[in-house]
$ cat protein-v4.csv   # CSV, N, CA and C atoms and all ligand atoms
chain,number,residue,atom,x,y,z
V,1,MET,N,54.0,30.3,17.2
V,1,MET,CA,54.9,30.0,16.0
V,1,MET,C,54.3,28.9,15.1
V,2,ASN,N,54.3,29.2,13.9
V,2,ASN,CA,53.8,28.2,13.0
V,2,ASN,C,54.9,27.8,12.0
V,3,GLU,N,55.7,26.9,12.5
V,3,GLU,CA,56.9,26.5,11.7
V,3,GLU,C,56.5,25.7,10.5
V,4,ARG,N,57.1,26.0,9.4
V,4,ARG,CA,56.8,25.3,8.2
V,4,ARG,C,57.8,24.1,8.1
V,5,THR,N,57.4,23.0,7.7
V,5,THR,CA,58.3,21.9,7.6
V,5,THR,C,59.2,22.1,6.4
V,6,GLN,N,60.4,21.8,6.5
V,6,GLN,CA,61.3,21.9,5.4
V,6,GLN,C,61.0,20.9,4.4
V,7,ASP,N,60.8,21.3,3.2
V,7,ASP,CA,60.5,20.4,2.1
V,7,ASP,C,61.6,20.4,1.1
V,8,GLN,N,62.4,19.4,1.2
V,8,GLN,CA,63.6,19.4,0.3
V,8,GLN,C,63.3,19.1,-1.1
V,9,ASN,N,62.2,18.4,-1.4
V,9,ASN,CA,61.8,18.1,-2.7
V,9,ASN,C,60.5,18.8,-3.1
V,10,ALA,N,60.6,20.1,-3.0
V,10,ALA,CA,59.4,20.9,-3.3
V,10,ALA,C,59.0,20.7,-4.8
V,11,PRO,N,57.7,20.7,-5.0
V,11,PRO,CA,57.2,20.6,-6.4
V,11,PRO,C,57.5,21.9,-7.1
V,12,ASP,N,57.2,21.9,-8.4
V,12,ASP,CA,57.5,23.1,-9.2
V,12,ASP,C,57.0,24.4,-8.6
V,13,SER,N,57.9,25.3,-8.5
V,13,SER,CA,57.6,26.6,-7.9
V,13,SER,C,57.7,27.7,-9.0
V,14,PRO,N,56.6,28.0,-9.7
V,14,PRO,CA,56.7,28.9,-10.8
V,14,PRO,C,57.1,30.3,-10.4
V,15,ASN,N,56.9,30.7,-9.1
V,15,ASN,CA,57.3,32.0,-8.7
V,15,ASN,C,58.6,32.1,-7.9
V,16,ARG,N,59.4,31.2,-8.3
V,16,ARG,CA,60.7,31.1,-7.6
V,16,ARG,C,61.5,32.3,-8.0
V,17,ALA,N,61.9,33.1,-7.0
V,17,ALA,CA,62.5,34.4,-7.3
V,17,ALA,C,64.0,34.2,-7.7
V,18,THR,N,64.5,33.1,-7.5
V,18,THR,CA,65.9,32.9,-7.8
V,18,THR,C,66.1,32.6,-9.3
V,19,MET,N,65.0,32.2,-10.0
V,19,MET,CA,65.1,32.0,-11.4
V,19,MET,C,65.0,33.2,-12.2
V,20,ALA,N,66.0,33.6,-12.9
V,20,ALA,CA,66.0,34.8,-13.7
V,20,ALA,C,65.1,34.5,-15.0
V,21,PRO,N,64.4,35.5,-15.4
V,21,PRO,CA,63.5,35.3,-16.6
V,21,PRO,C,64.3,35.2,-17.9
V,22,VAL,N,65.6,35.7,-17.8
V,22,VAL,CA,66.4,35.6,-19.0
V,22,VAL,C,67.6,34.7,-18.7
V,23,SER,N,68.2,34.2,-19.7
V,23,SER,CA,69.4,33.3,-19.5
V,23,SER,C,70.6,34.2,-19.5
V,24,TYR,N,71.4,34.2,-18.4
V,24,TYR,CA,72.6,35.0,-18.3
V,24,TYR,C,73.8,34.1,-18.5
V,25,GLY,N,74.6,34.5,-19.5
V,25,GLY,CA,75.7,33.7,-19.8
V,25,GLY,C,76.8,34.4,-20.4
V,26,TYR,N,77.8,33.7,-20.9
V,26,TYR,CA,79.0,34.3,-21.4
V,26,TYR,C,78.9,34.4,-22.9
V,27,CYS,N,78.9,35.6,-23.5
V,27,CYS,CA,78.8,35.7,-24.9
V,27,CYS,C,80.2,35.5,-25.5
V,28,ALA,N,80.2,34.5,-26.4
V,28,ALA,CA,81.5,34.2,-27.1
V,28,ALA,C,81.9,35.1,-28.2
V,29,TRP,N,81.0,36.1,-28.5
V,29,TRP,CA,81.3,37.0,-29.6
V,29,TRP,C,81.9,38.3,-29.1
V,30,HIS,N,81.3,38.9,-28.1
V,30,HIS,CA,82.0,40.1,-27.6
V,30,HIS,C,82.8,39.8,-26.3
V,31,LEU,N,82.9,38.5,-26.0
V,31,LEU,CA,83.7,38.0,-24.9
V,31,LEU,C,83.4,38.7,-23.6
V,32,GLY,N,82.1,38.6,-23.2
V,32,GLY,CA,81.7,39.1,-21.9
V,32,GLY,C,80.4,38.5,-21.5
V,33,TYR,N,80.1,38.7,-20.3
V,33,TYR,CA,78.8,38.2,-19.8
V,33,TYR,C,77.7,39.1,-20.1
V,34,SER,N,76.6,38.5,-20.4
V,34,SER,CA,75.4,39.3,-20.8
V,34,SER,C,74.2,38.5,-20.5
V,35,ALA,N,73.1,39.3,-20.3
V,35,ALA,CA,71.8,38.6,-20.2
V,35,ALA,C,71.3,38.3,-21.6
V,36,ASP,N,70.2,37.5,-21.6
V,36,ASP,CA,69.6,37.1,-22.8
V,36,ASP,C,70.5,36.5,-23.8
V,37,THR,N,71.3,35.5,-23.3
V,37,THR,CA,72.2,34.8,-24.2
V,37,THR,C,71.5,33.5,-24.7
V,38,ARG,N,71.8,33.1,-25.9
V,38,ARG,CA,71.2,31.9,-26.5
V,38,ARG,C,72.4,31.0,-27.0
V,39,VAL,N,72.1,29.8,-27.0
V,39,VAL,CA,73.1,28.8,-27.5
V,39,VAL,C,73.2,28.9,-29.0
V,40,ILE,N,74.4,29.1,-29.5
V,40,ILE,CA,74.5,29.3,-31.0
V,40,ILE,C,75.1,28.0,-31.5
V,41,ASN,N,76.3,27.6,-31.0
V,41,ASN,CA,76.9,26.4,-31.5
V,41,ASN,C,77.1,25.4,-30.4
V,42,VAL,N,76.8,24.2,-30.7
V,42,VAL,CA,77.1,23.1,-29.8
V,42,VAL,C,78.2,22.2,-30.4
V,43,GLN,N,79.4,22.3,-29.8
V,43,GLN,CA,80.5,21.5,-30.3
V,43,GLN,C,80.5,20.1,-29.7
V,44,GLU,N,80.6,19.2,-30.6
V,44,GLU,CA,80.6,17.8,-30.1
V,44,GLU,C,81.8,17.4,-29.4
V,45,GLN,N,81.6,16.6,-28.4
V,45,GLN,CA,82.8,16.1,-27.6
V,45,GLN,C,83.6,15.2,-28.5
V,46,GLY,N,84.9,15.2,-28.2
V,46,GLY,CA,85.7,14.2,-28.9
V,46,GLY,C,86.9,15.0,-29.5
V,47,SER,N,86.7,16.0,-30.3
V,47,SER,CA,87.8,16.8,-30.8
V,47,SER,C,87.9,18.1,-30.2
V,48,GLY,N,88.6,18.2,-29.1
V,48,GLY,CA,88.6,19.4,-28.4
V,48,GLY,C,87.9,19.4,-27.1
V,49,PRO,N,87.8,20.5,-26.5
V,49,PRO,CA,87.1,20.6,-25.2
V,49,PRO,C,85.6,20.4,-25.2
V,50,GLY,N,85.1,20.7,-26.4
V,50,GLY,CA,83.6,20.6,-26.5
V,50,GLY,C,82.9,21.7,-25.8
V,51,GLY,N,81.6,21.7,-25.8
V,51,GLY,CA,80.9,22.7,-25.0
V,51,GLY,C,80.0,23.5,-26.0
V,52,VAL,N,79.5,24.5,-25.5
V,52,VAL,CA,78.6,25.3,-26.2
V,52,VAL,C,79.1,26.8,-26.3
V,53,GLN,N,78.6,27.5,-27.3
V,53,GLN,CA,78.9,28.9,-27.4
V,53,GLN,C,77.6,29.7,-27.3
V,54,PHE,N,77.6,30.7,-26.5
V,54,PHE,CA,76.5,31.5,-26.3
V,54,PHE,C,76.7,32.9,-27.0
V,55,ALA,N,75.6,33.5,-27.4
V,55,ALA,CA,75.7,34.8,-28.0
V,55,ALA,C,74.6,35.7,-27.4
V,56,CYS,N,74.8,36.9,-27.1
V,56,CYS,CA,73.8,37.8,-26.6
V,56,CYS,C,73.0,38.4,-27.7
V,57,GLY,N,71.9,39.0,-27.4
V,57,GLY,CA,71.0,39.6,-28.4
V,57,GLY,C,71.7,40.5,-29.4
V,58,PRO,N,72.4,41.5,-29.0
V,58,PRO,CA,73.1,42.4,-29.9
V,58,PRO,C,74.0,41.7,-30.8
V,59,CYS,N,74.8,40.8,-30.3
V,59,CYS,CA,75.7,40.1,-31.2
V,59,CYS,C,75.0,39.2,-32.2
V,60,ARG,N,73.9,38.6,-31.8
V,60,ARG,CA,73.1,37.8,-32.7
V,60,ARG,C,72.6,38.6,-33.9
V,61,GLU,N,72.3,39.8,-33.6
V,61,GLU,CA,71.8,40.7,-34.7
V,61,GLU,C,73.0,41.1,-35.5
V,62,MET,N,74.1,41.5,-34.9
V,62,MET,CA,75.2,42.0,-35.6
V,62,MET,C,75.9,41.0,-36.5
V,63,TYR,N,75.9,39.8,-36.0
V,63,TYR,CA,76.6,38.7,-36.8
V,63,TYR,C,75.6,37.8,-37.5
V,64,GLY,N,74.3,38.1,-37.4
V,64,GLY,CA,73.3,37.2,-38.0
V,64,GLY,C,73.4,35.8,-37.5
V,65,LEU,N,73.5,35.7,-36.2
V,65,LEU,CA,73.6,34.3,-35.7
V,65,LEU,C,72.2,33.8,-35.5
V,66,VAL,N,72.1,32.5,-35.7
V,66,VAL,CA,70.9,31.8,-35.5
V,66,VAL,C,71.0,30.9,-34.3
V,67,PRO,N,70.1,31.1,-33.3
V,67,PRO,CA,70.2,30.2,-32.2
V,67,PRO,C,70.1,28.7,-32.5
V,68,TYR,N,70.8,27.9,-31.8
V,68,TYR,CA,70.9,26.5,-32.1
V,68,TYR,C,69.5,25.9,-32.2
V,69,ALA,N,68.7,26.3,-31.2
V,69,ALA,CA,67.3,25.7,-31.2
V,69,ALA,C,66.5,26.1,-32.4
V,70,ASP,N,66.9,27.1,-33.1
V,70,ASP,CA,66.1,27.6,-34.3
V,70,ASP,C,66.7,27.0,-35.6
V,71,GLN,N,67.8,26.3,-35.5
V,71,GLN,CA,68.4,25.8,-36.7
V,71,GLN,C,67.7,24.5,-37.1
V,72,PRO,N,67.7,24.2,-38.4
V,72,PRO,CA,67.1,23.0,-38.9
V,72,PRO,C,67.8,21.7,-38.4
V,101,ZN,ZN,77.6,39.6,-27.3
$ encode --input "protein-v4.csv" --output "structure tokens" --more "lines below"
Ligand SMILES: [Zn+2]
Amino acid sequence: MNERTQDQNAPDSPNRATMAPVSYGYCAWHLGYSADTRVINVQEQGSGPGGVQFACGPCREMYGLVPYADQP
């Protein structure tokens, strides 16, 4: 038996199977979970619950949404 030592603080594992290649999240436009969601709006904390809104690919095209990261 060649037991591997448990490494709690493993360095970056690029081939980690648990990481999905796409971001899976809740689309705030069609009100459902979808893959390939992007952050569209980031609401500032203070007035309301705050948080972010995600939109999936089809909704971004349909509504002409610009991902937050791509906004000026
Ligand atoms: Zn959607």
$ residues_near_ligand --input "protein-v4.csv" --ligand "ligand ZN 101 (chain V)" --cutoff "8 Å" --atoms "all atoms listed in the file" --output "PyMOL selection string"
chain V and resi 26-34+37+54-60
$ write_last_selection --input "protein-v4.csv" --atoms "N, CA and C atoms" --output "PDB file, in the coordinates of the input"
ATOM      1  N   TYR V  26      77.800  33.700 -20.900  1.00  0.00           N
ATOM      2  CA  TYR V  26      79.000  34.300 -21.400  1.00  0.00           C
ATOM      3  C   TYR V  26      78.900  34.400 -22.900  1.00  0.00           C
ATOM      4  N   CYS V  27      78.900  35.600 -23.500  1.00  0.00           N
ATOM      5  CA  CYS V  27      78.800  35.700 -24.900  1.00  0.00           C
ATOM      6  C   CYS V  27      80.200  35.500 -25.500  1.00  0.00           C
ATOM      7  N   ALA V  28      80.200  34.500 -26.400  1.00  0.00           N
ATOM      8  CA  ALA V  28      81.500  34.200 -27.100  1.00  0.00           C
ATOM      9  C   ALA V  28      81.900  35.100 -28.200  1.00  0.00           C
ATOM     10  N   TRP V  29      81.000  36.100 -28.500  1.00  0.00           N
ATOM     11  CA  TRP V  29      81.300  37.000 -29.600  1.00  0.00           C
ATOM     12  C   TRP V  29      81.900  38.300 -29.100  1.00  0.00           C
ATOM     13  N   HIS V  30      81.300  38.900 -28.100  1.00  0.00           N
ATOM     14  CA  HIS V  30      82.000  40.100 -27.600  1.00  0.00           C
ATOM     15  C   HIS V  30      82.800  39.800 -26.300  1.00  0.00           C
ATOM     16  N   LEU V  31      82.900  38.500 -26.000  1.00  0.00           N
ATOM     17  CA  LEU V  31      83.700  38.000 -24.900  1.00  0.00           C
ATOM     18  C   LEU V  31      83.400  38.700 -23.600  1.00  0.00           C
ATOM     19  N   GLY V  32      82.100  38.600 -23.200  1.00  0.00           N
ATOM     20  CA  GLY V  32      81.700  39.100 -21.900  1.00  0.00           C
ATOM     21  C   GLY V  32      80.400  38.500 -21.500  1.00  0.00           C
ATOM     22  N   TYR V  33      80.100  38.700 -20.300  1.00  0.00           N
ATOM     23  CA  TYR V  33      78.800  38.200 -19.800  1.00  0.00           C
ATOM     24  C   TYR V  33      77.700  39.100 -20.100  1.00  0.00           C
ATOM     25  N   SER V  34      76.600  38.500 -20.400  1.00  0.00           N
ATOM     26  CA  SER V  34      75.400  39.300 -20.800  1.00  0.00           C
ATOM     27  C   SER V  34      74.200  38.500 -20.500  1.00  0.00           C
ATOM     28  N   THR V  37      71.300  35.500 -23.300  1.00  0.00           N
ATOM     29  CA  THR V  37      72.200  34.800 -24.200  1.00  0.00           C
ATOM     30  C   THR V  37      71.500  33.500 -24.700  1.00  0.00           C
ATOM     31  N   PHE V  54      77.600  30.700 -26.500  1.00  0.00           N
ATOM     32  CA  PHE V  54      76.500  31.500 -26.300  1.00  0.00           C
ATOM     33  C   PHE V  54      76.700  32.900 -27.000  1.00  0.00           C
ATOM     34  N   ALA V  55      75.600  33.500 -27.400  1.00  0.00           N
ATOM     35  CA  ALA V  55      75.700  34.800 -28.000  1.00  0.00           C
ATOM     36  C   ALA V  55      74.600  35.700 -27.400  1.00  0.00           C
ATOM     37  N   CYS V  56      74.800  36.900 -27.100  1.00  0.00           N
ATOM     38  CA  CYS V  56      73.800  37.800 -26.600  1.00  0.00           C
ATOM     39  C   CYS V  56      73.000  38.400 -27.700  1.00  0.00           C
ATOM     40  N   GLY V  57      71.900  39.000 -27.400  1.00  0.00           N
ATOM     41  CA  GLY V  57      71.000  39.600 -28.400  1.00  0.00           C
ATOM     42  C   GLY V  57      71.700  40.500 -29.400  1.00  0.00           C
ATOM     43  N   PRO V  58      72.400  41.500 -29.000  1.00  0.00           N
ATOM     44  CA  PRO V  58      73.100  42.400 -29.900  1.00  0.00           C
ATOM     45  C   PRO V  58      74.000  41.700 -30.800  1.00  0.00           C
ATOM     46  N   CYS V  59      74.800  40.800 -30.300  1.00  0.00           N
ATOM     47  CA  CYS V  59      75.700  40.100 -31.200  1.00  0.00           C
ATOM     48  C   CYS V  59      75.000  39.200 -32.200  1.00  0.00           C
ATOM     49  N   ARG V  60      73.900  38.600 -31.800  1.00  0.00           N
ATOM     50  CA  ARG V  60      73.100  37.800 -32.700  1.00  0.00           C
ATOM     51  C   ARG V  60      72.600  38.600 -33.900  1.00  0.00           C
TER      52      ARG V  60
END
$ atom_distance --input "protein-v4.csv" --atom1 "CA of Val39 in chain V" --atom2 "atom C of Gly51 in chain V"
8.8 Å
$ atom_distance --input "protein-v4.csv" --atom1 "atom C of Tyr24 in chain V" --atom2 "atom C of Gln71 in chain V"
21.8 Å
$ atom_distance --input "protein-v4.csv" --atom1 "CA of Met62 in chain V" --atom2 "CA of Asp36 in chain V"
14.8 Å
